[in-house]
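Some notes on the structure that comes next.
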Amino acid sequence: MELPIINHPDYVAKINDDNKFPIKKFGALANHLLEKRVVKTFYVPEPCSVETMKTSHSLEYINHIKNKTLDLKYQKKIGFPINDSVVRRSFVATGGTVLASKLALDAKLACNTAGGSHHATFEMGAGYCVFNDVAVAANYLKNKKYAKKILILDLDVHQGNGNSEIFKKDRDVLTFSMHCASNYPAKKSKSDIDIELKDNTEDTEYLKILNGNLKELNKNSYDFVFYVAGVDIHHEDRLGKLKITDEGINIRDKTVIENFYSKKIPLCGVLGGGYNKSFDKLIELHSMLHKNCASYF
């Protein structure tokens, strides 16, 4: 058996070339994982159904995306043009996280090569996030009674405000966000647990804070964990303000995965943000999630 990894060619949407979002990373990451023999064959997701999607987003918003009728000012807030390609990608990538979460139930680990769109709220997308795939997948698992108590462990450099907004009244989903205090979004939401880091935080302090919080989280019991493994904490990231090295990210991923795998708690890993100055470095950093998960197979 090999680590279940989800990918779809349509994860690479057509957006304008001057867009700051590195959309081609999804295809490049898939090629990298094949070349490095981390995976032989990807699981290919179906687009997420509207029925599954509407547990986490309003039907009005879903239809505005589906029908490409979203007001231009809201498209600008998202940062993507809502064209055929972006619409397709948004439904397929969300379906990818739902599929990864289902596969993780048996395999204990599974990863999407996209996902972690944590700025999308019930009513609206934002910050390069159209649909909140983790929220959709978490609600899917709950509604199917595959999991009751869920942890969303978000280690992206930006606060997971969409997760905290969607689950603010849900006592069965614990939202944890460890992020740079001064970074986007300017107005933070309130997660169940928010750990705010100072600008220029380095490996030693970062990993110490992470380990301390994992010990606290381990006092609770969870049926399932979603891990948003953003690599925009890297010291060369264009949108991050932290100073974490390659090795720091690698240790972070290993620490998180081992913490839950050793307790036999299923974990679904999703990409989260990454905007490195070097595209090749970005792919290498994102691949650490998949490589570290694959080491258990």
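Chain labels A, B, ... are given in the sequence in which chains occur in the structure tokens; within each chain residues are numbered consecutively from 1, and ligands are likewise numbered from 1 in the order shown.
Near Leu141 in chain A, within a cut-off of 8 Å and counting only C-alpha atoms, sit the residues Ser101, Lys102, Ala147 and Lys148 of chain A, with same-chain residues fewer than 6 positions away left out.
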Can I get the selection written as a compact mmCIF listing (two decimals), in the first residue's frame, with N, CA and C atoms?
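Below is the file that was written, result.txt:
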# COMPACT_ATOMS: atom_id res chain seq x y z
N SER A 101 -10.00 13.01 2.79
CA SER A 101 -10.48 12.77 4.16
C SER A 101 -11.11 11.38 4.28
N LYS A 102 -11.82 10.95 3.25
CA LYS A 102 -12.43 9.60 3.27
C LYS A 102 -11.34 8.52 3.26
N ALA A 147 -16.88 10.79 11.60
CA ALA A 147 -16.08 11.40 12.68
C ALA A 147 -17.01 12.31 13.47
N LYS A 148 -16.78 12.38 14.77
CA LYS A 148 -17.59 13.27 15.62
C LYS A 148 -16.79 14.48 16.06
Applying 7 Å and only C-alpha atoms, which residues near Asp192 in chain A remain after dropping the ones on its own chain fewer than 3 positions away? List them as an MDAnalysis selection string.
chainID A and resid 174:176
Quick one: write out the picked residues with N, CA and C atoms as a PDB file, in the first residue's frame?
ATOM      1  N   LEU A 174     -12.780  21.732  16.534  1.00  0.00           N
ATOM      2  CA  LEU A 174     -11.881  22.663  17.212  1.00  0.00           C
ATOM      3  C   LEU A 174     -10.966  23.305  16.178  1.00  0.00           C
ATOM      4  N   THR A 175     -10.995  24.630  16.117  1.00  0.00           N
ATOM      5  CA  THR A 175     -10.150  25.364  15.156  1.00  0.00           C
ATOM      6  C   THR A 175      -8.923  25.913  15.874  1.00  0.00           C
ATOM      7  N   PHE A 176      -7.764  25.522  15.378  1.00  0.00           N
ATOM      8  CA  PHE A 176      -6.472  25.950  15.937  1.00  0.00           C
ATOM      9  C   PHE A 176      -5.702  26.642  14.821  1.00  0.00           C
TER      10      PHE A 176
END
Pull the alpha helix (DSSP H) assignments for range 130-236 of chain A out of DSSP run on the backbone, and list those residues as a PyMOL selection string.
chain A and resi 133-143+161-166+203-217
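Between CA of Tyr128 in chain A and CA of Arg88 in chain A the separation is 14.8 Å.
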As a check of understanding: the span from CA of Ser49 in chain A to CA of Lys145 in chain A is 18.2 Å
Could you go through range 174-234 of chain A and tell me which residues DSSP, when run on the backbone, assigns to strand (DSSP E), listing them as a list of chain:residue names?
A:Leu174, A:Thr175, A:Phe176, A:Ser177, A:Met178, A:His179, A:Cys180, A:Ile193, A:Asp194, A:Ile195, A:Glu196, A:Leu197, A:Phe224, A:Val225, A:Phe226, A:Tyr227, A:Val228
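Near range 95-97 of chain A, within 8 Å and counting only C-alpha atoms, sit Ile6, Asn7, Val44, Pro45, Glu46, Pro47, Cys48, Ser49, Cys111, Asn112, Ala114, Gly115, Asp133, Val134, Ala137, Cys268 and Val270 of chain A, not including residues fewer than 5 positions from it in the same chain.
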Near-range 68-83 of chain A list (9 Å; only C-alpha atoms; drop same-chain fewer than 4 positions) as number ranges by chain:
A: 14-16, 19-21, 61, 63-64, 87-88, 120, 124-130
Suppose we keep C-alpha atoms; can you now write the selection as a PDB file, in the first residue's frame?
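Saved result, out-v7.pdb, follows:
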ATOM      1  CA  LYS A  14      -6.154  29.566 -16.225  1.00  0.00           C
ATOM      2  CA  ILE A  15      -5.553  32.924 -14.556  1.00  0.00           C
ATOM      3  CA  ASN A  16      -3.769  36.026 -15.809  1.00  0.00           C
ATOM      4  CA  ASN A  19      -1.386  37.157 -10.884  1.00  0.00           C
ATOM      5  CA  LYS A  20       0.684  36.817  -7.690  1.00  0.00           C
ATOM      6  CA  PHE A  21      -0.733  33.367  -6.971  1.00  0.00           C
ATOM      7  CA  TYR A  61     -22.667  32.123  -3.081  1.00  0.00           C
ATOM      8  CA  ASN A  63     -24.491  29.508  -7.436  1.00  0.00           C
ATOM      9  CA  HIS A  64     -22.707  32.823  -8.044  1.00  0.00           C
ATOM     10  CA  VAL A  87     -14.871  27.447 -11.313  1.00  0.00           C
ATOM     11  CA  ARG A  88     -13.888  23.915 -12.368  1.00  0.00           C
ATOM     12  CA  ALA A 120     -13.369  31.422   2.464  1.00  0.00           C
ATOM     13  CA  MET A 124     -17.804  34.728   0.574  1.00  0.00           C
ATOM     14  CA  GLY A 125     -14.377  33.829  -0.761  1.00  0.00           C
ATOM     15  CA  ALA A 126     -11.228  35.877  -0.102  1.00  0.00           C
ATOM     16  CA  GLY A 127      -7.433  35.763  -0.252  1.00  0.00           C
ATOM     17  CA  TYR A 128      -7.094  33.265  -3.151  1.00  0.00           C
ATOM     18  CA  CYS A 129      -9.741  31.019  -1.540  1.00  0.00           C
ATOM     19  CA  VAL A 130     -12.998  30.365  -3.405  1.00  0.00           C
TER      20      VAL A 130
END
Of A:Thr113, A:Thr204, A:Asn276, A:Thr94, the one nearest to Leu289 in chain A when counting only C-alpha atoms is A:Thr113
Shell of 12 Å around Leu285 in chain A, only C-alpha atoms, local chain residues under 6 positions omitted, as a VMD selection string:
chain A and resid 25 29 32 to 33 229 to 237 244 to 253 271 to 276 278 to 279 291 to 292
Next, write the just-selected residues to a file, as an mmCIF file, in the first residue's frame, keeping N, CA and C atoms as the atom set.
data_model
loop_
_atom_site.group_PDB
_atom_site.id
_atom_site.type_symbol
_atom_site.label_atom_id
_atom_site.label_comp_id
_atom_site.auth_asym_id
_atom_site.auth_seq_id
_atom_site.Cartn_x
_atom_site.Cartn_y
_atom_site.Cartn_z
ATOM 1 N N LYS A 25 1.959 25.710 -9.429
ATOM 2 C CA LYS A 25 2.618 24.852 -8.432
ATOM 3 C C LYS A 25 1.915 23.507 -8.274
ATOM 4 N N LEU A 29 4.048 20.220 -8.512
ATOM 5 C CA LEU A 29 4.144 19.360 -7.327
ATOM 6 C C LEU A 29 3.790 17.922 -7.693
ATOM 7 N N HIS A 32 6.677 16.400 -9.494
ATOM 8 C CA HIS A 32 7.770 16.174 -8.550
ATOM 9 C C HIS A 32 7.541 14.895 -7.741
ATOM 10 N N LEU A 33 6.318 14.700 -7.264
ATOM 11 C CA LEU A 33 6.007 13.512 -6.452
ATOM 12 C C LEU A 33 6.112 12.227 -7.275
ATOM 13 N N ALA A 229 -0.900 22.613 5.990
ATOM 14 C CA ALA A 229 0.570 22.654 6.082
ATOM 15 C C ALA A 229 1.165 23.787 5.242
ATOM 16 N N GLY A 230 0.674 24.998 5.435
ATOM 17 C CA GLY A 230 1.191 26.138 4.660
ATOM 18 C C GLY A 230 2.696 26.286 4.811
ATOM 19 N N VAL A 231 3.379 26.537 3.705
ATOM 20 C CA VAL A 231 4.837 26.723 3.752
ATOM 21 C C VAL A 231 5.213 28.204 3.600
ATOM 22 N N ASP A 232 4.217 29.076 3.736
ATOM 23 C CA ASP A 232 4.483 30.517 3.674
ATOM 24 C C ASP A 232 5.098 31.050 4.978
ATOM 25 N N ILE A 233 5.440 30.149 5.895
ATOM 26 C CA ILE A 233 6.228 30.518 7.086
ATOM 27 C C ILE A 233 7.720 30.600 6.744
ATOM 28 N N HIS A 234 8.086 30.167 5.538
ATOM 29 C CA HIS A 234 9.499 30.099 5.123
ATOM 30 C C HIS A 234 10.121 31.491 5.037
ATOM 31 N N HIS A 235 11.400 31.578 5.350
ATOM 32 C CA HIS A 235 12.086 32.878 5.395
ATOM 33 C C HIS A 235 12.197 33.561 4.040
ATOM 34 N N GLU A 236 12.006 32.804 2.945
ATOM 35 C CA GLU A 236 12.082 33.413 1.608
ATOM 36 C C GLU A 236 10.698 33.574 0.967
ATOM 37 N N ASP A 237 9.643 33.440 1.774
ATOM 38 C CA ASP A 237 8.302 33.587 1.210
ATOM 39 C C ASP A 237 7.990 35.064 0.955
ATOM 40 N N ILE A 244 11.395 30.889 9.112
ATOM 41 C CA ILE A 244 11.548 29.444 9.281
ATOM 42 C C ILE A 244 12.345 28.871 8.101
ATOM 43 N N THR A 245 13.307 27.994 8.403
ATOM 44 C CA THR A 245 14.168 27.399 7.375
ATOM 45 C C THR A 245 13.508 26.159 6.761
ATOM 46 N N ASP A 246 14.161 25.624 5.726
ATOM 47 C CA ASP A 246 13.713 24.353 5.123
ATOM 48 C C ASP A 246 13.601 23.281 6.201
ATOM 49 N N GLU A 247 14.658 23.163 7.004
ATOM 50 C CA GLU A 247 14.691 22.122 8.038
ATOM 51 C C GLU A 247 13.607 22.359 9.089
ATOM 52 N N GLY A 248 13.333 23.622 9.391
ATOM 53 C CA GLY A 248 12.275 23.940 10.348
ATOM 54 C C GLY A 248 10.916 23.450 9.867
ATOM 55 N N ILE A 249 10.632 23.649 8.571
ATOM 56 C CA ILE A 249 9.355 23.175 7.995
ATOM 57 C C ILE A 249 9.307 21.654 7.992
ATOM 58 N N ASN A 250 10.432 21.034 7.649
ATOM 59 C CA ASN A 250 10.490 19.569 7.626
ATOM 60 C C ASN A 250 10.230 18.984 9.017
ATOM 61 N N ILE A 251 10.861 19.557 10.032
ATOM 62 C CA ILE A 251 10.666 19.090 11.412
ATOM 63 C C ILE A 251 9.224 19.340 11.854
ATOM 64 N N ARG A 252 8.697 20.501 11.490
ATOM 65 C CA ARG A 252 7.291 20.811 11.812
ATOM 66 C C ARG A 252 6.354 19.731 11.285
ATOM 67 N N ASP A 253 6.504 19.404 9.979
ATOM 68 C CA ASP A 253 5.624 18.397 9.368
ATOM 69 C C ASP A 253 5.796 17.036 10.029
ATOM 70 N N LEU A 271 -2.461 21.470 1.347
ATOM 71 C CA LEU A 271 -1.290 22.287 1.024
ATOM 72 C C LEU A 271 -1.184 23.594 1.810
ATOM 73 N N GLY A 272 -2.242 24.367 1.831
ATOM 74 C CA GLY A 272 -2.124 25.709 2.406
ATOM 75 C C GLY A 272 -1.280 26.607 1.510
ATOM 76 N N GLY A 273 -0.891 27.758 2.042
ATOM 77 C CA GLY A 273 -0.216 28.778 1.237
ATOM 78 C C GLY A 273 1.265 28.544 1.052
ATOM 79 N N GLY A 274 1.788 29.133 -0.010
ATOM 80 C CA GLY A 274 3.208 29.112 -0.318
ATOM 81 C C GLY A 274 3.467 30.035 -1.492
ATOM 82 N N TYR A 275 4.316 31.041 -1.281
ATOM 83 C CA TYR A 275 4.552 32.070 -2.304
ATOM 84 C C TYR A 275 6.043 32.376 -2.362
ATOM 85 N N ASN A 276 6.851 31.322 -2.376
ATOM 86 C CA ASN A 276 8.299 31.491 -2.282
ATOM 87 C C ASN A 276 8.857 32.263 -3.474
ATOM 88 N N SER A 278 11.525 31.547 -4.973
ATOM 89 C CA SER A 278 11.986 30.525 -5.922
ATOM 90 C C SER A 278 10.884 29.487 -6.121
ATOM 91 N N PHE A 279 10.439 29.310 -7.366
ATOM 92 C CA PHE A 279 9.380 28.347 -7.666
ATOM 93 C C PHE A 279 9.830 26.919 -7.345
ATOM 94 N N LYS A 291 6.018 13.673 1.390
ATOM 95 C CA LYS A 291 7.156 12.768 1.633
ATOM 96 C C LYS A 291 7.150 12.245 3.069
ATOM 97 N N ASN A 292 6.860 13.119 4.024
ATOM 98 C CA ASN A 292 6.848 12.695 5.419
ATOM 99 C C ASN A 292 5.674 11.757 5.716
#
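The nearest approach to Ile23 in chain A among the residues A:Ser85, A:Ser189, A:Thr41, A:Ser56, with only C-alpha atoms taken into account, belongs to A:Ser85.
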Find the distance between CA of Ala30 in chain A and CA of Asp280 in chain A and write it in Å to one decimal.
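That distance, rounded to one decimal, is 12.9 Å.
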Excluding Lys24 in chain A and residues on its chain fewer than 6 positions from it, collect all residues at most 9 Å away from it, counting only C-alpha atoms, and give them as a list in words.
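In the requested form, the answer reads Tyr11, Val12 and Ala13 of chain A.
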Neighbouring residues of Asn259 in chain A were defined as those with any atom within 10 Å, considering only C-alpha atoms; residues of the same chain fewer than 3 positions away were excluded. Please report them as a ChimeraX atom specification.
/A:211,214-215,218,253-256,262-265
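Of the residues listed (A:Leu239, A:Leu282, A:Ala100, A:Leu207), A:Leu239 shows the shortest atom-to-atom separation from His158 in chain A; distances use only C-alpha atoms.
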